[in-house]
>>> print(open('target-v2.cif').read())   # mmCIF, C-alpha atoms
data_final
#
loop_
_atom_site.group_PDB
_atom_site.id
_atom_site.type_symbol
_atom_site.label_atom_id
_atom_site.label_comp_id
_atom_site.auth_asym_id
_atom_site.auth_seq_id
_atom_site.Cartn_x
_atom_site.Cartn_y
_atom_site.Cartn_z
ATOM 1 C CA MET A 11 -50.256 1.170 -10.643
ATOM 2 C CA SER A 12 -48.804 4.646 -11.280
ATOM 3 C CA GLU A 13 -48.466 5.195 -7.515
ATOM 4 C CA THR A 14 -46.372 2.020 -7.186
ATOM 5 C CA LEU A 15 -44.249 2.957 -10.188
ATOM 6 C CA ARG A 16 -43.625 6.426 -8.745
ATOM 7 C CA ASN A 17 -42.581 4.965 -5.360
ATOM 8 C CA ILE A 18 -40.171 2.533 -7.023
ATOM 9 C CA ALA A 19 -38.686 5.304 -9.191
ATOM 10 C CA SER A 20 -38.199 7.641 -6.226
ATOM 11 C CA LYS A 21 -36.537 4.896 -4.150
ATOM 12 C CA ALA A 22 -34.284 3.984 -7.072
ATOM 13 C CA ALA A 23 -33.319 7.643 -7.511
ATOM 14 C CA VAL A 24 -32.439 7.946 -3.814
ATOM 15 C CA ILE A 25 -30.346 4.756 -3.976
ATOM 16 C CA VAL A 26 -28.520 6.004 -7.091
ATOM 17 C CA VAL A 27 -27.752 9.353 -5.436
ATOM 18 C CA LEU A 28 -26.496 7.657 -2.255
ATOM 19 C CA PHE A 29 -24.375 5.183 -4.229
ATOM 20 C CA THR A 30 -22.874 7.962 -6.366
ATOM 21 C CA GLY A 31 -22.089 10.010 -3.252
ATOM 22 C CA THR A 32 -20.437 7.011 -1.608
ATOM 23 C CA VAL A 33 -18.259 6.338 -4.657
ATOM 24 C CA TRP A 34 -17.315 10.022 -4.878
ATOM 25 C CA CYS A 35 -16.365 10.162 -1.177
ATOM 26 C CA GLY A 36 -14.320 6.975 -1.580
ATOM 27 C CA ARG A 37 -12.344 8.485 -4.442
ATOM 28 C CA ILE A 38 -11.698 11.677 -2.495
ATOM 29 C CA TYR A 39 -10.504 9.616 0.485
ATOM 30 C CA ARG A 40 -8.154 7.539 -1.689
ATOM 31 C CA ALA A 41 -6.700 10.706 -3.233
ATOM 32 C CA PHE A 42 -6.200 12.191 0.244
ATOM 33 C CA VAL A 43 -4.443 9.068 1.543
ATOM 34 C CA HIS A 44 -2.282 9.042 -1.614
ATOM 35 C CA GLN A 45 -1.226 12.650 -0.979
ATOM 36 C CA VAL A 46 -0.391 11.836 2.648
ATOM 37 C CA ALA A 47 1.817 8.927 1.546
ATOM 38 C CA VAL A 48 3.555 11.023 -1.126
ATOM 39 C CA ASN A 49 4.205 13.919 1.261
ATOM 40 C CA LYS A 50 5.579 11.566 3.929
ATOM 41 C CA HIS A 51 7.868 10.004 1.302
ATOM 42 C CA ARG A 52 9.116 13.429 0.235
ATOM 43 C CA ALA A 53 9.770 14.518 3.821
ATOM 44 C CA LEU A 54 11.791 11.374 4.524
ATOM 45 C CA SER A 55 13.716 11.843 1.273
ATOM 46 C CA LEU A 56 14.637 15.397 2.235
ATOM 47 C CA LYS A 57 15.789 14.308 5.704
ATOM 48 C CA THR A 58 17.942 11.601 4.130
ATOM 49 C CA PHE A 59 19.351 14.134 1.667
ATOM 50 C CA GLN A 60 20.286 16.499 4.499
ATOM 51 C CA ALA A 61 21.993 13.681 6.393
ATOM 52 C CA PHE A 62 24.061 12.680 3.347
ATOM 53 C CA VAL A 63 25.044 16.276 2.559
ATOM 54 C CA GLU A 64 26.172 16.903 6.132
ATOM 55 C CA ALA A 65 28.191 13.663 6.115
ATOM 56 C CA THR A 66 30.504 14.594 3.233
ATOM 57 C CA ASP A 67 32.585 17.519 2.037
ATOM 58 C CA ASP A 68 33.175 16.247 -1.508
ATOM 59 C CA LYS A 69 31.460 18.461 -4.098
ATOM 60 C CA TYR A 70 30.841 15.633 -6.563
ATOM 61 C CA VAL A 71 29.292 13.401 -3.910
ATOM 62 C CA LYS A 72 27.006 16.251 -2.871
ATOM 63 C CA ASP A 73 26.003 16.784 -6.507
ATOM 64 C CA ALA A 74 25.272 13.081 -6.972
ATOM 65 C CA VAL A 75 23.227 12.972 -3.777
ATOM 66 C CA LEU A 76 21.376 16.119 -4.848
ATOM 67 C CA MET A 77 20.519 14.551 -8.212
ATOM 68 C CA ALA A 78 19.256 11.335 -6.617
ATOM 69 C CA ALA A 79 17.268 13.216 -3.982
ATOM 70 C CA THR A 80 15.741 15.509 -6.598
ATOM 71 C CA ARG A 81 14.633 12.527 -8.655
ATOM 72 C CA THR A 82 13.204 10.883 -5.552
ATOM 73 C CA VAL A 83 11.429 13.927 -4.163
ATOM 74 C CA PHE A 84 9.917 15.205 -7.387
ATOM 75 C CA GLY A 85 9.561 11.901 -9.195
ATOM 76 C CA ASN A 86 6.555 9.645 -9.507
ATOM 77 C CA VAL A 87 5.712 7.828 -6.285
ATOM 78 C CA PRO A 88 3.412 4.868 -6.942
ATOM 79 C CA THR A 89 1.375 4.200 -3.802
ATOM 80 C CA GLY A 90 -1.209 1.883 -5.313
ATOM 81 C CA LEU A 91 -3.999 4.163 -4.139
ATOM 82 C CA VAL A 92 -4.395 6.172 -7.335
ATOM 83 C CA GLU A 93 -4.336 4.741 -10.838
ATOM 84 C CA GLU A 94 -1.231 5.714 -12.778
ATOM 85 C CA HIS A 95 -1.836 6.538 -16.440
ATOM 86 C CA GLY A 96 1.445 7.072 -18.249
ATOM 87 C CA ASN A 97 3.079 9.061 -15.451
ATOM 88 C CA GLN A 98 6.246 7.012 -15.565
ATOM 89 C CA ASP A 99 9.561 8.811 -15.336
ATOM 90 C CA SER A 100 11.278 9.229 -18.681
ATOM 91 C CA GLY A 101 14.708 8.403 -17.324
ATOM 92 C CA VAL A 102 16.208 11.452 -19.041
ATOM 93 C CA ASN A 103 18.296 13.492 -16.668
ATOM 94 C CA PHE A 104 17.888 17.057 -17.945
ATOM 95 C CA VAL A 105 19.757 18.678 -15.066
ATOM 96 C CA GLU A 106 22.824 16.485 -15.580
ATOM 97 C CA PHE A 107 22.660 17.148 -19.330
ATOM 98 C CA GLY A 108 22.436 20.898 -18.729
ATOM 99 C CA ARG A 109 25.284 20.840 -16.239
ATOM 100 C CA SER A 110 27.616 18.945 -18.577
ATOM 101 C CA THR A 111 26.694 21.298 -21.422
ATOM 102 C CA ALA A 112 27.382 24.336 -19.223
ATOM 103 C CA GLU A 113 30.737 22.896 -18.118
ATOM 104 C CA THR A 114 31.718 22.270 -21.743
ATOM 105 C CA ALA A 115 30.732 25.814 -22.686
ATOM 106 C CA ALA A 116 32.691 27.225 -19.731
ATOM 107 C CA GLU A 117 35.795 25.268 -20.780
ATOM 108 C CA ARG A 118 35.541 26.627 -24.332
ATOM 109 C CA VAL A 119 35.188 30.179 -23.049
ATOM 110 C CA ALA A 120 38.186 29.686 -20.749
ATOM 111 C CA GLN A 121 40.293 28.430 -23.680
ATOM 112 C CA ASP A 122 39.518 31.497 -25.790
#
>>> encode(input="target-v2.cif", output="structure tokens")
Amino acid sequence: MSETLRNIASKAAVIVVLFTGTVWCGRIYRAFVHQVAVNKHRALSLKTFQAFVEATDDKYVKDAVLMAATRTVFGNVPTGLVEEHGNQDSGVNFVEFGRSTAETAAERVAQD
């Protein structure tokens, strides 16, 4: 009886270890595929940004394209491969806020 119980326990332990290893490898693979998709998205975004910048000479258009490309490249890219827990973009544009504040400060300094 104890011999049978020991055999069943050892087989169950081996199955649990193999199942856990399979799940772990699956998660690593999904994370790897997610990173590949994100990096490909960023590379395409940068190529598009370069094409738009080379196509225009207007400073404001270049700034707008830079802002959109920055948001796209460094923003959250949902691929569906990795669960997203509250990583949504806030929608606050800190760079644009800082630029407008700096321009206002520069105008005040120029007036004085």
>>> atom_distance(input="target-v2.cif", atom1="CA of Arg81 (chain A)", atom2="CA of Phe59 (chain A)")
11.5 Å
>>> closest_residue(input="target-v2.cif", among="A:Ala47, A:Met11, A:Ala65, A:Val33", to="Pro88 (chain A)", atoms="all atoms listed in the file")
A:Ala47
>>> atom_distance(input="target-v2.cif", atom1="CA of Val46 (chain A)", atom2="CA of Phe84 (chain A)")
14.8 Å
>>> atom_distance(input="target-v2.cif", atom1="CA of Glu117 (chain A)", atom2="CA of Val71 (chain A)")
21.6 Å
>>> residues_near_point(input="target-v2.cif", point="(-6.3, 1.2, -5.5)", cutoff="12 Å", atoms="only C-alpha atoms", output="VMD selection string")
chain A and resid 36 to 37 39 to 41 43 to 44 88 to 94
>>> axis_aligned_box(input="target-v2.cif", around="region 68-72 of chain A", padding_each_side="5 Å", output="JSON")
{"center_x": 30.1, "center_y": 15.9, "center_z": -4.0, "size_x": 16.2, "size_y": 15.1, "size_z": 15.1}
>>> closest_residue(input="target-v2.cif", among="A:Val87, A:Thr14, A:Thr114, A:Ala120", to="Lys50 (chain A)", atoms="all atoms listed in the file")
A:Val87
>>> closest_residue(input="target-v2.cif", among="A:Asp73, A:Glu13, A:Phe42, A:Ala79", to="Thr58 (chain A)", atoms="all atoms listed in the file")
A:Ala79
>>> residues_around(input="target-v2.cif", residues="Lys72 (chain A)", least_positions_apart="5", cutoff="9 Å", atoms="all atoms listed in the file", output="PyMOL selection string")
chain A and resi 62-63+66-67+77
>>> closest_residue(input="target-v2.cif", among="A:Ala19, A:Val48, A:Val24, A:Gln60", to="Val75 (chain A)", atoms="all atoms listed in the file")
A:Gln60
>>> closest_residue(input="target-v2.cif", among="A:Ser12, A:Gly31, A:Gln45, A:Ala61", to="Asn86 (chain A)", atoms="all atoms listed in the file")
A:Gln45
